Each structure stands twice: as structure tokens, then as C-alpha cells.
>>> print(open('input_35.pdb').read())   # PDB, C-alpha atoms, pLDDT in the B column
ATOM      1  CA  MET E   1     -33.950 152.445 161.108  1.00 50.00           C
ATOM      2  CA  GLN E   2     -32.869 149.388 159.128  1.00 47.00           C
ATOM      3  CA  PRO E   3     -33.317 145.931 160.605  1.00 48.00           C
ATOM      4  CA  ALA E   4     -30.126 144.185 161.727  1.00 50.00           C
ATOM      5  CA  ARG E   5     -28.650 141.805 159.170  1.00 45.00           C
ATOM      6  CA  GLN E   6     -28.752 138.162 160.059  1.00 49.00           C
ATOM      7  CA  PRO E   7     -25.405 136.380 159.700  1.00 48.00           C
ATOM      8  CA  LEU E   8     -25.181 133.901 156.837  1.00 44.00           C
ATOM      9  CA  SER E   9     -25.410 130.260 157.788  1.00 48.00           C
ATOM     10  CA  GLN E  10     -22.404 128.072 156.977  1.00 46.00           C
ATOM     11  CA  SER E  11     -24.186 126.659 153.891  1.00 46.00           C
ATOM     12  CA  GLN E  12     -24.929 130.172 152.565  1.00 43.00           C
ATOM     13  CA  LYS E  13     -21.413 131.579 152.840  1.00 40.00           C
ATOM     14  CA  PRO E  14     -19.483 131.837 149.550  1.00 41.00           C
ATOM     15  CA  THR E  15     -16.503 129.545 149.601  1.00 41.00           C
ATOM     16  CA  THR E  16     -13.114 131.149 149.051  1.00 36.00           C
ATOM     17  CA  SER E  17      -9.634 129.942 149.644  1.00 34.00           C
ATOM     18  CA  LEU E  18      -6.573 131.717 150.936  1.00 33.00           C
ATOM     19  CA  THR E  19      -4.951 130.852 147.626  1.00 34.00           C
ATOM     20  CA  ASP E  20      -7.614 132.623 145.542  1.00 35.00           C
ATOM     21  CA  PRO E  21      -6.097 135.504 143.540  1.00 35.00           C
ATOM     22  CA  VAL E  22      -6.895 138.790 145.258  1.00 34.00           C
ATOM     23  CA  LEU E  23      -4.286 141.403 144.315  1.00 36.00           C
ATOM     24  CA  PHE E  24      -5.282 143.482 141.312  1.00 36.00           C
ATOM     25  CA  ASP E  25      -3.856 146.958 141.055  1.00 36.00           C
ATOM     26  CA  TYR E  26      -5.524 148.444 137.978  1.00 36.00           C
ATOM     27  CA  GLN E  27      -7.165 151.744 138.920  1.00 36.00           C
ATOM     28  CA  GLY E  28     -10.502 150.200 139.839  1.00 35.00           C
ATOM     29  CA  ALA E  29     -11.474 147.133 137.862  1.00 38.00           C
ATOM     30  CA  GLN E  30     -14.164 148.209 135.427  1.00 37.00           C
ATOM     31  CA  ARG E  31     -15.823 144.822 135.222  1.00 39.00           C
ATOM     32  CA  ALA E  32     -16.033 141.724 137.344  1.00 42.00           C
ATOM     33  CA  TYR E  33     -17.042 138.144 136.766  1.00 41.00           C
ATOM     34  CA  ARG E  34     -20.293 137.013 138.328  1.00 43.00           C
ATOM     35  CA  SER E  35     -21.013 133.416 139.119  1.00 42.00           C
ATOM     36  CA  ARG E  36     -23.367 131.335 141.198  1.00 43.00           C
ATOM     37  CA  SER E  37     -22.039 128.815 143.645  1.00 46.00           C
ATOM     38  CA  SER E  38     -23.586 125.394 144.067  1.00 52.00           C
ATOM     39  CA  ASN E  39     -25.725 126.762 146.902  1.00 55.00           C
ATOM     40  CA  GLY E  40     -27.218 129.460 144.621  1.00 55.00           C
ATOM     41  CA  ILE E  41     -25.461 132.475 146.090  1.00 52.00           C
ATOM     42  CA  GLN E  42     -24.160 134.910 143.480  1.00 49.00           C
ATOM     43  CA  SER E  43     -20.606 136.069 143.984  1.00 47.00           C
ATOM     44  CA  THR E  44     -18.350 138.504 142.204  1.00 50.00           C
ATOM     45  CA  SER E  45     -14.737 137.760 141.352  1.00 53.00           C
ATOM     46  CA  SER E  46     -12.052 139.832 139.661  1.00 67.00           C
ATOM     47  CA  PHE E  47     -10.774 136.739 137.852  1.00 59.00           C
ATOM     48  CA  SER E  48     -12.193 134.126 135.504  1.00 57.00           C
ATOM     49  CA  GLU E  49     -12.827 130.663 136.876  1.00 69.00           C
ATOM     50  CA  ASP E  50     -10.780 129.066 134.080  1.00 77.00           C
ATOM     51  CA  ARG E  51      -7.063 129.306 133.424  1.00 74.00           C
ATOM     52  CA  CYS E  52      -7.546 130.910 130.011  1.00 82.00           C
ATOM     53  CA  LEU E  53      -4.892 133.657 129.900  1.00 91.00           C
ATOM     54  CA  PRO E  54      -1.533 132.659 128.376  1.00 89.00           C
ATOM     55  CA  VAL E  55       1.687 133.304 130.269  1.00 91.00           C
ATOM     56  CA  ARG E  56       4.188 134.299 127.584  1.00 88.00           C
ATOM     57  CA  GLY E  57       7.211 135.327 129.621  1.00 80.00           C
ATOM     58  CA  ARG E  58       9.944 133.080 130.913  1.00 61.00           C
ATOM     59  CA  ALA E  59      12.327 134.313 133.597  1.00 43.00           C
ATOM     60  CA  GLN E  60      15.850 134.594 132.248  1.00 41.00           C
ATOM     61  CA  GLY E  61      19.177 134.876 134.045  1.00 35.00           C
ATOM     62  CA  GLY E  62      21.162 138.041 134.321  1.00 40.00           C
ATOM     63  CA  ASN E  63      20.990 141.156 136.446  1.00 46.00           C
ATOM     64  CA  ASP E  64      19.100 143.283 133.921  1.00 55.00           C
ATOM     65  CA  GLY E  65      15.738 141.798 134.912  1.00 50.00           C
ATOM     66  CA  ASN E  66      14.708 140.879 131.400  1.00 64.00           C
ATOM     67  CA  VAL E  67      12.298 138.178 130.331  1.00 65.00           C
ATOM     68  CA  SER E  68      12.022 136.397 127.042  1.00 73.00           C
ATOM     69  CA  ILE E  69       8.648 136.930 125.343  1.00 75.00           C
ATOM     70  CA  GLU E  70       7.605 133.561 123.981  1.00 74.00           C
ATOM     71  CA  GLU E  71       5.459 132.993 120.882  1.00 76.00           C
ATOM     72  CA  HIS E  72       3.645 130.081 122.526  1.00 82.00           C
ATOM     73  CA  PRO E  73       2.353 130.006 126.120  1.00 86.00           C
ATOM     74  CA  ILE E  74       4.653 128.559 128.762  1.00 86.00           C
ATOM     75  CA  ASP E  75       1.744 128.329 131.217  1.00 89.00           C
ATOM     76  CA  TRP E  76      -1.870 129.440 131.672  1.00 91.00           C
ATOM     77  CA  THR E  77      -3.372 131.599 134.411  1.00 91.00           C
ATOM     78  CA  PHE E  78      -6.698 133.132 135.460  1.00 90.00           C
ATOM     79  CA  ARG E  79      -7.874 136.115 133.393  1.00 92.00           C
ATOM     80  CA  PRO E  80      -8.595 139.352 135.305  1.00 91.00           C
ATOM     81  CA  ALA E  81     -11.874 141.087 134.499  1.00 90.00           C
ATOM     82  CA  ASP E  82     -10.213 143.958 132.606  1.00 91.00           C
ATOM     83  CA  LEU E  83      -8.714 141.492 130.125  1.00 93.00           C
ATOM     84  CA  GLN E  84     -11.950 139.657 129.363  1.00 91.00           C
ATOM     85  CA  GLY E  85     -12.519 139.868 125.622  1.00 91.00           C
ATOM     86  CA  VAL E  86      -8.981 141.139 124.925  1.00 94.00           C
ATOM     87  CA  ASN E  87      -7.747 138.484 122.499  1.00 90.00           C
ATOM     88  CA  ASP E  88      -4.023 139.274 122.552  1.00 92.00           C
ATOM     89  CA  ALA E  89      -3.770 139.838 126.320  1.00 95.00           C
ATOM     90  CA  PHE E  90      -1.231 137.802 128.254  1.00 94.00           C
ATOM     91  CA  ALA E  91       0.774 137.616 131.472  1.00 94.00           C
ATOM     92  CA  VAL E  92       4.506 137.375 132.205  1.00 91.00           C
ATOM     93  CA  PHE E  93       6.561 136.484 135.261  1.00 90.00           C
ATOM     94  CA  VAL E  94       8.811 139.239 136.631  1.00 89.00           C
ATOM     95  CA  SER E  95      12.512 138.418 136.597  1.00 86.00           C
ATOM     96  CA  GLY E  96      14.794 140.243 139.009  1.00 87.00           C
ATOM     97  CA  ASP E  97      14.144 143.017 141.502  1.00 88.00           C
ATOM     98  CA  SER E  98      14.795 146.080 139.314  1.00 90.00           C
ATOM     99  CA  MET E  99      11.234 147.327 139.965  1.00 92.00           C
ATOM    100  CA  LYS E 100      11.000 146.401 143.645  1.00 92.00           C
ATOM    101  CA  PRO E 101       8.929 147.294 145.685  1.00 92.00           C
ATOM    102  CA  LYS E 102       6.273 147.619 142.956  1.00 93.00           C
ATOM    103  CA  TYR E 103       7.083 144.273 141.287  1.00 92.00           C
ATOM    104  CA  LYS E 104       9.270 141.553 142.772  1.00 90.00           C
ATOM    105  CA  ASN E 105      11.064 138.575 141.288  1.00 89.00           C
ATOM    106  CA  GLY E 106       8.487 135.873 140.516  1.00 89.00           C
ATOM    107  CA  ASP E 107       5.400 138.137 140.492  1.00 92.00           C
ATOM    108  CA  LEU E 108       2.921 137.579 137.687  1.00 93.00           C
ATOM    109  CA  VAL E 109       1.913 140.730 135.783  1.00 93.00           C
ATOM    110  CA  TYR E 110      -1.052 141.131 133.437  1.00 94.00           C
ATOM    111  CA  VAL E 111      -0.484 142.906 130.126  1.00 95.00           C
ATOM    112  CA  HIS E 112      -3.060 144.737 127.991  1.00 96.00           C
ATOM    113  CA  PRO E 113      -1.447 144.949 124.543  1.00 94.00           C
ATOM    114  CA  THR E 114      -3.595 147.744 123.081  1.00 95.00           C
ATOM    115  CA  ARG E 115      -4.570 150.080 125.938  1.00 96.00           C
ATOM    116  CA  SER E 116      -3.047 153.574 125.760  1.00 95.00           C
ATOM    117  CA  ILE E 117       0.206 154.220 127.577  1.00 95.00           C
ATOM    118  CA  VAL E 118       0.392 157.254 129.852  1.00 95.00           C
ATOM    119  CA  LYS E 119       3.207 158.792 131.885  1.00 97.00           C
ATOM    120  CA  ASN E 120       4.100 157.071 135.167  1.00 97.00           C
ATOM    121  CA  ARG E 121       2.142 153.879 134.403  1.00 97.00           C
ATOM    122  CA  TYR E 122       3.987 150.558 134.297  1.00 96.00           C
ATOM    123  CA  VAL E 123       4.711 148.976 130.950  1.00 95.00           C
ATOM    124  CA  LEU E 124       6.222 145.914 129.362  1.00 93.00           C
ATOM    125  CA  VAL E 125       8.667 147.006 126.686  1.00 92.00           C
ATOM    126  CA  GLU E 126       9.350 144.335 124.080  1.00 89.00           C
ATOM    127  CA  THR E 127      12.530 144.797 122.075  1.00 89.00           C
ATOM    128  CA  THR E 128      13.140 143.658 118.516  1.00 90.00           C
ATOM    129  CA  GLU E 129      15.073 140.727 120.046  1.00 86.00           C
ATOM    130  CA  HIS E 130      11.851 139.677 121.885  1.00 83.00           C
ATOM    131  CA  LYS E 131      13.271 140.579 125.284  1.00 84.00           C
ATOM    132  CA  GLY E 132      10.926 142.237 127.738  1.00 85.00           C
ATOM    133  CA  PHE E 133      11.512 144.845 130.427  1.00 88.00           C
ATOM    134  CA  ILE E 134       8.935 145.929 132.985  1.00 92.00           C
ATOM    135  CA  LYS E 135       9.537 149.568 133.806  1.00 94.00           C
ATOM    136  CA  GLN E 136       7.694 152.811 134.536  1.00 96.00           C
ATOM    137  CA  PHE E 137       6.902 154.794 131.380  1.00 98.00           C
ATOM    138  CA  VAL E 138       8.385 158.316 131.265  1.00 98.00           C
ATOM    139  CA  ASN E 139       7.943 159.427 127.631  1.00 97.00           C
ATOM    140  CA  TRP E 140       8.732 158.989 123.970  1.00 97.00           C
ATOM    141  CA  GLN E 141      11.420 161.268 122.619  1.00 96.00           C
ATOM    142  CA  GLU E 142      12.066 161.870 118.939  1.00 94.00           C
ATOM    143  CA  ASP E 143      14.369 158.869 118.534  1.00 96.00           C
ATOM    144  CA  SER E 144      14.015 156.949 121.812  1.00 97.00           C
ATOM    145  CA  LEU E 145      11.846 155.599 124.606  1.00 97.00           C
ATOM    146  CA  VAL E 146      12.539 156.735 128.176  1.00 98.00           C
ATOM    147  CA  VAL E 147      11.564 154.497 131.111  1.00 96.00           C
ATOM    148  CA  HIS E 148      12.301 154.570 134.830  1.00 96.00           C
ATOM    149  CA  GLN E 149      13.758 151.768 136.943  1.00 93.00           C
ATOM    150  CA  PHE E 150      13.698 151.583 140.763  1.00 94.00           C
ATOM    151  CA  ASN E 151      16.710 149.356 141.616  1.00 91.00           C
ATOM    152  CA  PRO E 152      19.161 150.855 141.044  1.00 92.00           C
ATOM    153  CA  GLU E 153      17.254 154.097 140.583  1.00 95.00           C
ATOM    154  CA  LYS E 154      17.837 155.343 137.038  1.00 94.00           C
ATOM    155  CA  GLU E 155      16.272 156.360 133.756  1.00 96.00           C
ATOM    156  CA  ILE E 156      16.828 154.045 130.825  1.00 94.00           C
ATOM    157  CA  VAL E 157      16.844 155.282 127.237  1.00 96.00           C
ATOM    158  CA  ILE E 158      16.121 152.720 124.516  1.00 95.00           C
ATOM    159  CA  ALA E 159      16.560 153.590 120.846  1.00 97.00           C
ATOM    160  CA  LYS E 160      13.201 153.608 119.004  1.00 97.00           C
ATOM    161  CA  GLU E 161      14.606 151.249 116.386  1.00 97.00           C
ATOM    162  CA  ASP E 162      15.182 148.637 119.139  1.00 96.00           C
ATOM    163  CA  VAL E 163      11.588 148.814 120.455  1.00 96.00           C
ATOM    164  CA  LEU E 164       9.084 146.383 118.966  1.00 94.00           C
ATOM    165  CA  ARG E 165       6.154 147.457 121.163  1.00 93.00           C
ATOM    166  CA  VAL E 166       5.212 148.973 124.515  1.00 96.00           C
ATOM    167  CA  MET E 167       2.241 147.510 126.393  1.00 95.00           C
ATOM    168  CA  LEU E 168       0.401 148.567 129.539  1.00 97.00           C
ATOM    169  CA  VAL E 169       0.733 146.447 132.685  1.00 95.00           C
ATOM    170  CA  ILE E 170      -2.714 146.574 134.278  1.00 95.00           C
ATOM    171  CA  GLY E 171      -2.172 144.516 137.413  1.00 93.00           C
ATOM    172  CA  SER E 172      -0.170 141.909 139.249  1.00 92.00           C
ATOM    173  CA  LEU E 173      -0.353 138.864 141.451  1.00 88.00           C
ATOM    174  CA  ASP E 174       2.238 138.123 144.110  1.00 85.00           C
ATOM    175  CA  CYS E 175       3.490 134.608 143.511  1.00 70.00           C
TER     176      CYS E 175
END
>>> encode(input="input_35.pdb", output="C-alpha cells")
Amino acid sequence: MQPARQPLSQSQKPTTSLTDPVLFDYQGAQRAYRSRSSNGIQSTSSFSEDRCLPVRGRAQGGNDGNVSIEEHPIDWTFRPADLQGVNDAFAVFVSGDSMKPKYKNGDLVYVHPTRSIVKNRYVLVETTEHKGFIKQFVNWQEDSLVVHQFNPEKEIVIAKEDVLRVMLVIGSLDC
């Protein structure tokens, strides 16, 4: 029989805030950040302590839910563990409710630019005009990309020649 655990004293408890980022929907974060608080207790966090991940998407008007992918950061945010060491990783703000309930207007999504894309995962499609669309990946056809949208429910076909790149969305933060 194991001895009962003693509750931590107030000075031993890790300090967290209700505003700390907690939502991360990648299929089990593979790594986590470890840090020691000022009282010596080691804690694990799914996010870096520094705002070191660029936000490269600016919400844009219109009912198509697109965002403009910017060359230079428009803001900085905390880096999730799965993007540590990924130099070209970035985040974008969701514009519109075309992917609700998965992603809502104003949510921040984290993008891994080189991870493999698989069916039914969520992706950021960047067009040759540097517009971005967050959708659910269906497949590549011979001359087009097929993605799924929730609101209104429909499949969208984008000509391959109009697609600059398709990148995996690995998580989100409700904003």
C-alpha cells in the first residue's frame, strides 16, 4: 500500500493563470517544455515561455473566410512544443466561421509548413495570390486540390496551378 500524498503547500504549488494557453489539439504533443519555477519546482508546459512564433495571417473581410498570408509577422505568440525547432513554422488568425465548430472566427491556429498532409486533417492552403484558407484536406486529384468546408457544408476544388502550398494545422488556441 502506498503512503498518502501530502498536499503541496502554497509556496510549492506551480503558478498558472487562467489566461495560460491550454488548448492544443495535435494528436498527443510529442514534446513539452520543461522549466523550473522560482521555488524550484519543475513544471511541464505545452508552450514556450517566450513569444517567439510569428503570426503571419491577418483577418480579411468577406464571407469566404480567407486570410492574407503576410511576409513579415503581424504579431508574435507562444510556440507549441511540436513547433520547437521548426524554423518556418507560424500561426494565423482564423477569419470567418466556415470551419465552425472546429475553428471559429478569431481563433489562432498553429501551422507546421513541412509535416506530411493526410486525409481528414486540417490544412492551411496558400494560393498563388497569398490568400489562405483553413479547410479539411480531402485529396489531391490530377489537376486540383479537394478540401472540405463545414459552413456551408461543401467540397471545394482548387486548381493545382492556383495552389502555392498546403500546410498542416497542428493545433489551435481559442482567442
>>> atom_distance(input="input_35.pdb", atom1="atom CA of Glu155 of chain E", atom2="atom CA of Ser98 of chain E")
11.8 Å
>>> closest_residue(input="input_35.pdb", among="E:Gly96, E:Gly106, E:Pro73, E:Pro113", to="Glu126 of chain E", atoms="all atoms listed in the file")
E:Pro113
>>> closest_residue(input="input_35.pdb", among="E:Val118, E:Ile134, E:Leu124, E:Ile156", to="Tyr103 of chain E", atoms="all atoms listed in the file")
E:Ile134
>>> atom_distance(input="input_35.pdb", atom1="atom CA of Lys160 of chain E", atom2="atom CA of Ile117 of chain E")
15.6 Å
>>> resolve_selection(input="input_35.pdb", expression="the PyMOL selection byres ((chain E and resi 139) around 12)", output="PDB file with C-alpha atoms, keeping the file's coordinate frame")
ATOM      1  CA  ILE E 117       0.206 154.220 127.577  1.00 95.00           C
ATOM      2  CA  VAL E 118       0.392 157.254 129.852  1.00 95.00           C
ATOM      3  CA  LYS E 119       3.207 158.792 131.885  1.00 97.00           C
ATOM      4  CA  ASN E 120       4.100 157.071 135.167  1.00 97.00           C
ATOM      5  CA  ARG E 121       2.142 153.879 134.403  1.00 97.00           C
ATOM      6  CA  TYR E 122       3.987 150.558 134.297  1.00 96.00           C
ATOM      7  CA  VAL E 123       4.711 148.976 130.950  1.00 95.00           C
ATOM      8  CA  LYS E 135       9.537 149.568 133.806  1.00 94.00           C
ATOM      9  CA  GLN E 136       7.694 152.811 134.536  1.00 96.00           C
ATOM     10  CA  PHE E 137       6.902 154.794 131.380  1.00 98.00           C
ATOM     11  CA  VAL E 138       8.385 158.316 131.265  1.00 98.00           C
ATOM     12  CA  TRP E 140       8.732 158.989 123.970  1.00 97.00           C
ATOM     13  CA  GLN E 141      11.420 161.268 122.619  1.00 96.00           C
ATOM     14  CA  GLU E 142      12.066 161.870 118.939  1.00 94.00           C
ATOM     15  CA  ASP E 143      14.369 158.869 118.534  1.00 96.00           C
ATOM     16  CA  SER E 144      14.015 156.949 121.812  1.00 97.00           C
ATOM     17  CA  LEU E 145      11.846 155.599 124.606  1.00 97.00           C
ATOM     18  CA  VAL E 146      12.539 156.735 128.176  1.00 98.00           C
ATOM     19  CA  VAL E 147      11.564 154.497 131.111  1.00 96.00           C
ATOM     20  CA  HIS E 148      12.301 154.570 134.830  1.00 96.00           C
ATOM     21  CA  GLU E 155      16.272 156.360 133.756  1.00 96.00           C
ATOM     22  CA  ILE E 156      16.828 154.045 130.825  1.00 94.00           C
ATOM     23  CA  VAL E 157      16.844 155.282 127.237  1.00 96.00           C
ATOM     24  CA  ILE E 158      16.121 152.720 124.516  1.00 95.00           C
ATOM     25  CA  LYS E 160      13.201 153.608 119.004  1.00 97.00           C
ATOM     26  CA  VAL E 166       5.212 148.973 124.515  1.00 96.00           C
TER      27      VAL E 166
END
>>> residues_near_point(input="input_35.pdb", point="(9.6, 133.5, 126.0)", cutoff="12 Å", atoms="only C-alpha atoms", output="list in words")
Pro54, Val55, Arg56, Gly57, Arg58, Ala59, Gln60, Asn66, Val67, Ser68, Ile69, Glu70, Glu71, His72, Pro73, Ile74, Asp75, Phe90, Ala91, Val92, Phe93, Glu126, Glu129, His130, Lys131 and Gly132 of chain E
>>> closest_residue(input="input_35.pdb", among="E:Phe150, E:Leu164, E:Gly85, E:Phe78", to="Tyr110 of chain E", atoms="only C-alpha atoms")
E:Phe78
>>> atom_distance(input="input_35.pdb", atom1="atom CA of Arg115 of chain E", atom2="atom CA of Leu168 of chain E")
6.3 Å
>>> closest_residue(input="input_35.pdb", among="E:Ile170, E:Thr128, E:Asp88, E:Asn151", to="Val111 of chain E", atoms="only C-alpha atoms")
E:Ile170
